[in-house]
Structure formats: structure tokens, C-alpha cells
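**Q** Supplied in C-alpha cells, the structure appears directly below.
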Protein chains: 2
Amino acid sequence: MTAKNAFYAQSGGVTSVINASACGVIETARAHPDKIANVYAGRNGIIGALTEDLIDTNLESAENIAALRYTPSGAFGSCRYKLKSLEANKREYDRLIEVFKAHDIGYFFYNGGGDSADTCYKVSQLSEALGFPVQAIHVPKTVDNDLPITDNCPGFGSVAKYIATSTLEASFDVRSMCATSTKIFVIEVMGRHAGWIAAAGALVADQGIPVLTLFPEVEFDQDKFLAAVKVKVADHGYCIICVSEGCHYPDGRFLAEQGTRDAFGHAQLGGAAPVVANMVKDALGHKFHWAVADYLQRAARHLASKSDVEQAYALGKTGVELAIAGHNAIMPTVVRKSSSPYVWEIGHAPLSEVANVEKFMPADFISADGFGITDKCREYLYPLIQGEDYPPYENGLPRYVTLKNAPVPRKLGAFAL
Amino acid sequence: MTAKNAFYAQSGGVTSVINASACGVIETARAHPDKIANVYAGRNGIIGALTEDLIDTNLESAENIAALRYTPSGAFGSCRYKLKSLEANKREYDRLIEVFKAHDIGYFFYNGGGDSADTCYKVSQLSEALGFPVQAIHVPKTVDNDLPITDNCPGFGSVAKYIATSTLEASFDVRSMCATSTKIFVIEVMGRHAGWIAAAGALVADQGIPVLTLFPEVEFDQDKFLAAVKVKVADHGYCIICVSEGCHYPDGRFLAEQGTRDAFGHAQLGGAAPVVANMVKDALGHKFHWAVADYLQRAARHLASKSDVEQAYALGKTGVELAIAGHNAIMPTVVRKSSSPYVWEIGHAPLSEVANVEKFMPADFISADGFGITDKCREYLYPLIQGEDYPPYENGLPRYVTLKNAPVPRKLGAFAL
């Protein structure tokens, strides 16, 4: 078998460790030049494949590829572009195969979440039917932690470590000030459908912090919530609230959209955090502060979890090894062998079982009152935030890499998206 | 001379390194038992002195005092409680002296910002007049970086490092996504009167990031701002905006208060960041994300600047040494000897020259267009964010200390605040 080229693309919202997976893919491919000649990356994800805008990763130094391991974000650009079903846009799948043929691409590594697992699965099924076999491997990534089968998703552990640490630090701050000043601190975290990240904020309860967590999985009950805040402030002098952006009322309305309008009638500007903070102020009168972490949380490579970085790299590496071994239509997974001590290995799952399946927080991970987590959830979360993996610093700031991202010469005509 | 006791209190908003100063005070006092018998800390700052609610730091282990060096927040509690002028409340100054007498306190270490420098100065002037000499030393602290004479203020360097790093990380994230998704990212930072923290966000321009900074020192000009955003997006595909909470219109209105009302007519909920983000969306149509760092920035001990931690400790240590040497009514200061390499030493300034003087960003630190910083500002800032000083971690989270904070037995009657 002569060596084929590989295509690698980053898809959807980026994370602080998706480049560690890219590093795993590229370094492992470079170690097998007899099987993989070049790794071409899609500029801005799958769009790069459709528009034949490929990046020649061979032109990047080994040092720069190694630096991907500690560089957050998507080094080749990502995109929010979901391929429709084959029926709806066979034209796009045909184009993918056309580009793969033109550039002798035999391996398709797609690094993303649920939607891209579905795309990857479709590519794996179609390529042979369309006359050009490509082995399609999905490398998991998502801070939402909602992919099935794998124990967790790269990107999540680092966000969890960041949110737990930041909530702990802000809690210490508020504890210092609450006698005469701020008594309520609200931190808003990502997670529109699943409360995995909010659950990480709840970990600070183990250090004696009075924290209430508002999950998307639990319908928001204002009276019950305010009563719980009142008790925490009475007992501790302050209360920390970790609210998921997906927290919503029983009728489905998000807390963040409660009809707020500016002077010109524009829809509300804030997130869930200011809504919750003002709600407490109106009902109980306490001084508050609030923070919205937004992209800071998923980009915070400076505080990545070591196990998360190692797994992100290993999943990329194993993805390539599985491809070389002849696999198609699979996703490498994290398999937990033990929580304490934390022992894991890389397994794999067929994409047919991954595509279109979302994993939510199990009901028995949320405490009976709905505002905290159970021991079972703690046992799940703590291993994922273990260990630190600091980037190098230069001149006081992390030394992250920006690649050259030189294009592979085009061979085909233009393609309209 | 027999040993006297010392009083130490933390004042105003806490920082990630104010406990490093406490560590410097207590460890240095412990090294001089012939001069300082005990360090009593005020519970919740000066309120602890007024209400005779003193904490016996002698009951804390050497290990726990050492852990203050890497623990954010105010370990003894802080407060927002400003002593009025002597004319307005001689009663409170009399009470302070009464408490100092009852507990044989000969040293008053006040760890705070501008307001507390004024209080400390008043105490230094009054104690002798009221018949009980106390040496009053002000240990500087404020993320606002607005104390005069000292080159910088402990707490600021770490916030600057956090904001510069976080802005850099989020910028990489947006750069990855901007082809098909988020093109505008707004991060709101502290600084109601001075733009020192916002200036730290501007440092990412040195890494090729298209960033616009909105300072409180520069009156907000919406047309000029939107034109600048348009150019950045045209040139780079995205734009990062670092807005100070104190950014305001020419008439003094903060951006954060632009008349937004919720469905019930309550005043707006958001901060400056969502206002700026929506303004860009309305004018230019770009998809945005925004973050409000709030307390996360000033509590982020996990990313403290090494020089900041060292200076915070050294200022506490020198404060005690100056007291022992007989000084009164002074503040130890950071003196910059050289920016590159960064060389500093501890000096001191009379409180008469510190009290009631605020230091703003010099005009020549802000670029001509008002949206960035000058090389002079860069030369000032970079040394302050140099070096990392990580806390120890346990179980995936920083191992911060919570002290016992056992009370000193009361000797006096109650005092109504």
C-alpha cells in the first residue's frame, strides 16, 4: 500500500485542548510516513474541504506542532457549518469526495462534537459508495461533555477545573467582604442543554463554601431558590450561585430572556447571571456581584487539567493508529478503569452508536434539592480536573503558537457554499 | 523597651495577594519577639478594632501563616467602612485608642488603598495627642493601582497578568471561529476611575491581536469607536474589545447605565460589556460574545504575577521592619530601579504625601487614537506581570488556607458602630 494523505479538521466551538488532539494526530502521522504522506488541515474546518482550502501541515516545524499541545483555540480555524443530510445536499458530499480524490486523501479525521460525529459517520458510509474509499475517524471534542460511550470529552475537564477554581477563588473573596459588602456572587457558566460545567462549580461545597447550582436539567423554581439563598446567607453570611446559561423556567424560557428591553425596545442585553443577581437583590436586598465567564472558560489553557490534555493528545494519536490499522467509522473513546486512583485507557466505539446520541447528566448526579451534586457526581468529576499542565510563559504571558497555515495549491475549480 | 502588640487589618476590596502582605507582616513580627509580642488582626478590617473583635494570629501554625502567601482574598475579613473625619466622629478615634490601650497595641498596620491610607494617617497623628502613642504604618494594596509615589500597588500586577492572559486566550478562540461565527468579543474589566487594568488587556496587540481598549480616561465616542471596529474586522476578520467598567460618555453617564429597563421597570441588569456588544451588533451586524470577569480577576491567585507576590510580601515585611526601627506615619513603597531587566527595591513615603492623592494613567500612556497604549505604557506594564507563582494543588484544586481566626478575649464593653 502506498502512503495516502490525511485530512484533519476542527469543528464547532473550540476548546483549550483541541489543538492537543491536533498535535496527537499530526505527530503520530509524521511517525508513519509509510502510511500517511501528508496531513492537510481544513482551513476553518469542513469549509476548507468544501472550498479546497487546505493547509499543508508539513510546512510547520516539529517545534510548532509540539506547541499545539499547549495552545488553546483551533489552530487551523474551526467553523459552525453543519452538513445537511445526504438527500438535502448530495452536492456537498460529492464535493468532499472530489477534493479527497484530487489530493489523494485516504484518511478523514474530524475533531468535534455531536454534529460532527454525525457528519463523520455519513462520510464513512458514503465514500465507498461514491467510488473513493476514505477511512473516517471522529476525534471527540466538546466542553459540553455530551458525547455518548466515551467517559468524558476532551475540553470538558479543563473547563471544569477552571470553573471550580474560579468559583473557589471568588468565594474566598466574597467571604472576606460579606460582613459589610457583597453577600451574593453569581457566576454564569456554559451549558445550554447539560449541566456538566455547572456541576464543576458545585465542587466548592466540599471546601465549606455555601454554593447553589442552577442546572438546565432542573426547572427553575424562583420561590424555592430564594428560600435556599436566604438559608445560606443566614448560616454563612454569604451565598455563591453557579448558574448554567441553559437554566430555564418550567415553560422553557431561559432565565436570560425575561423580557428585558432597553430604552429603544431592543431585547435584553444580559445573561442569566445578572438576572439571578437582581432577583436576589429585589427579594432579599443583598448587595451582589456577578461574572460571566463565557469564552474565558473554554479558552483557559493556562489552567488546563493535565488528564484532559493527556486524553486529548491520546485520542488524536489513537485515532491515527486506528486508521492505520484499517479501521473506519469509529471514534476513539476514554475508558475509565478506576476513579481512585484515576486510571484510564483509550478504547473505541462505532460511529453508528455515537452519531445523534446526546449524553445528559444522570439524574442521580444531582442532589435531591436540585441545587447541588451527589457523591456519585463528585467521584466522576474529580479525576477529570486532576493535575496541572502549564504552558510556557514569555514576557509574562503564555507563549502560544500561531502557525503559518500555508495553503496546499488548488487543483479544482471553485465551489459555492 | 518591652515588646508591644501589633494590630493588623485588611481594608476595602481584597486582592489575590493581600494575604501575601499579611504573611510578610506576621512572619516578620514573629521573627522579632523582643519587639512585637503578638499580632492581633481585626476581624473584618477596622470594624474589628472598633468592636474589639480581634483575632489572635499567634494561634495559627507557621505552616498556615506561610500558606497565606498563596491564598487569595482577605484571610481575616475586610470591610468597606471609612472612618469619617476627626470632627465628624472623634468617638470612633477615641474608641480605637481605647482598644489599643486595652490590648497593649503599639503598632498599627493598615493594609489597604487610598481611603485607608487616609485613615492610617489620621491614626498616626492622633494617637499621641490622645495619650497613647501608636506607630501607624500603611501597607499598600489595591488592584486600582492608584496610590501615589509607589511604582505600583500590590494586587494590580496579578490582575493585569490575568486580564492580559485571558484576553489573549479568548482572542485565539475568536480568531478560530470568526470565519463563520463570532467576530466580536468584549471583555469587561474593573477600574471605575483609572484604566490601568484595561491597559493590560491592550497588551495582546503585541501578539497581533486586533484589540480596542475603552478607558475611563477617554470620553466614549460611539461613531469613532464603531468606525474603528469596522476597520479591525475588515483587516483581521474579528475584533476584541477590552472595556473598563468606568468607560463613560462625555456627559459622565457610564456605558453600563444607558437606561435599560426590564419588564417591571427595574434599572438595567447588565454591565458595560453587553452594552458595547449590542451596540456593535446593531451597527455592524456581527455576531458577538462577551464576558464580565468581575471578582474572578482580582481573586485569580492561580495566575498571580510572581513580582506582584514578592512585592506584596516585601511591603508587609518592610512595614514591620520600619515600625521596629521607630518609623511612624509612613507607607513602604515599590521603587523601580530598572524596567529591563526589572529591578526594584522597597522604599518608603510619608503618609502626609500619600493620603488623598489619586494616581491616574498618564496621558502619554494612552495612544493617540484613544483605543490603545503607548510604548511607555508597555515598558511600565510588562515588568509587573513577570513570572508565575503557582499555588499548590490538591485533588485538582488550589489548596488555599482558611485560618482558625480565634478571638482575643474582650476586655471592654460593646461599641455601637
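Within each chain, counting starts at residue 1; across the C-alpha cells, chains are named A, B, ... in the order shown, with ligands numbered 1 upward in that order.
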Within 10 Å of Lys287 (chain A), counting only C-alpha atoms, which residues show up once you throw out same-chain ones fewer than 2 positions away? Write them as a short mmCIF file (atom, residue, chain, number, x, y, z; two decimals) with C-alpha atoms, in the first residue's frame, please.
**A**
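Result saved to part_18.cif:
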```cif
data_model
loop_
_atom_site.label_atom_id
_atom_site.label_comp_id
_atom_site.auth_asym_id
_atom_site.auth_seq_id
_atom_site.Cartn_x
_atom_site.Cartn_y
_atom_site.Cartn_z
CA CYS A 178 -19.64 39.84 53.24
CA THR A 180 -20.20 44.91 55.21
CA SER A 181 -20.38 44.46 51.45
CA THR A 182 -21.11 41.83 48.78
CA LYS A 183 -23.13 38.87 50.08
CA ILE A 184 -24.21 37.32 46.78
CA PHE A 185 -21.91 36.28 43.97
CA TYR A 238 -22.99 34.96 52.02
CA ALA A 277 -28.36 38.58 40.93
CA ASN A 278 -31.10 41.16 40.56
CA VAL A 280 -31.97 38.03 44.82
CA LYS A 281 -31.44 41.75 45.36
CA LEU A 284 -33.72 39.79 49.86
CA GLY A 285 -31.93 43.12 49.45
CA HIS A 289 -21.59 40.93 42.17
#
```
**Q** B:Thr150, B:Ser338, B:Thr333, B:Thr71: which is nearest chain A, counting only C-alpha atoms?
**A**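 Between B:Thr150, B:Ser338, B:Thr333, B:Thr71, the residue approaching chain A most closely is B:Thr71.
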**Q** Would you mind listing what lies within 6 Å of Ala312 (chain A) as a list in words, with only C-alpha atoms counted and same-chain residues fewer than 5 positions away left out?
**A**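 Close residues of Ala312 (chain A): Ala20, Ser21 and Pro154 of chain A.
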**Q** DSSP on the backbone: which residues in region 56-274 of chain A end up as helix (DSSP H, G or I)? Give the answer as a VMD selection string.
**A** chain A and resid 57 to 59 62 to 70 86 to 102 114 to 129 156 to 177 196 to 207 222 to 236 272 to 274
**Q** Kindly indicate which residue among A:Phe108, A:Phe225, A:Trp344, A:Phe172 lies nearest to chain B, using only C-alpha atoms for the distances.
**A**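 That would be A:Phe172, the residue with the smallest distance to chain B.
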**Q** Let me make sure I understand: among A:Ser340, A:Ser171, A:Thr119, A:Gln125, which one has the smallest atom-to-atom distance to Ile46 (chain A) if we use only C-alpha atoms?
**A**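 Looking only at the distances to Ile46 (chain A), the closest residue turns out to be A:Thr119.
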**Q** Taking the chain letters and numbering used in this document, name the residues of region 2-239 of chain A that DSSP puts in strand (DSSP E), as a PyMOL selection string.
**A** chain A and resi 4-10+36-42+54-56+105-112+135-140+184-189+211-214+239
**Q** Find the residue from B:Gln311, B:Thr15, B:Gln386, B:Gln10 that sits nearest to Asp151 (chain B); use only C-alpha atoms when measuring.
**A**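 For Asp151 (chain B), the nearest of the candidates is B:Gln311.
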**Q** Which polymer residues have any atom within 12 Å of an atom of Lys84 (chain B), counting only C-alpha atoms, with same-chain residues fewer than 2 positions away left out, as a ChimeraX atom specification?
**A** /B:81-82,86-93,115-116,118-119,122-123
**Q** Generate a file of the selected residues that holds C-alpha atoms, formatted as a CSV table (one decimal), in the first residue's frame.
**A**
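Written file, result.csv:
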```
chain,number,residue,atom,x,y,z
B,81,TYR,CA,-16.1,51.1,56.3
B,82,LYS,CA,-14.5,54.5,56.0
B,86,LEU,CA,-12.0,63.5,63.2
B,87,GLU,CA,-14.5,66.3,63.6
B,88,ALA,CA,-17.4,64.1,62.4
B,89,ASN,CA,-16.6,61.1,64.6
B,90,LYS,CA,-14.0,61.7,67.3
B,91,ARG,CA,-15.9,59.0,69.1
B,92,GLU,CA,-14.5,56.3,66.7
B,93,TYR,CA,-10.9,57.5,67.0
B,115,ASP,CA,-9.1,55.6,51.8
B,116,SER,CA,-7.3,53.5,54.3
B,118,ASP,CA,-6.0,58.5,54.9
B,119,THR,CA,-7.4,56.6,58.0
B,122,LYS,CA,-5.2,60.2,60.9
B,123,VAL,CA,-4.5,57.4,63.4
```
**Q** Go through B:Pro332, B:Gly24, B:Gly208, B:Gly114 one by one, measure the shortest atom-to-atom distance of each to Tyr70 (chain B) using only C-alpha atoms, and give the residue with the smallest value.
**A**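 For Tyr70 (chain B), the nearest of the given residues is B:Gly24.
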**Q** When you draw a straight line from CA of Thr402 (chain B) to CA of Asp308 (chain A), how long is it in Å?
**A**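 Separation between CA of Thr402 (chain B) and CA of Asp308 (chain A): 28.9 Å.
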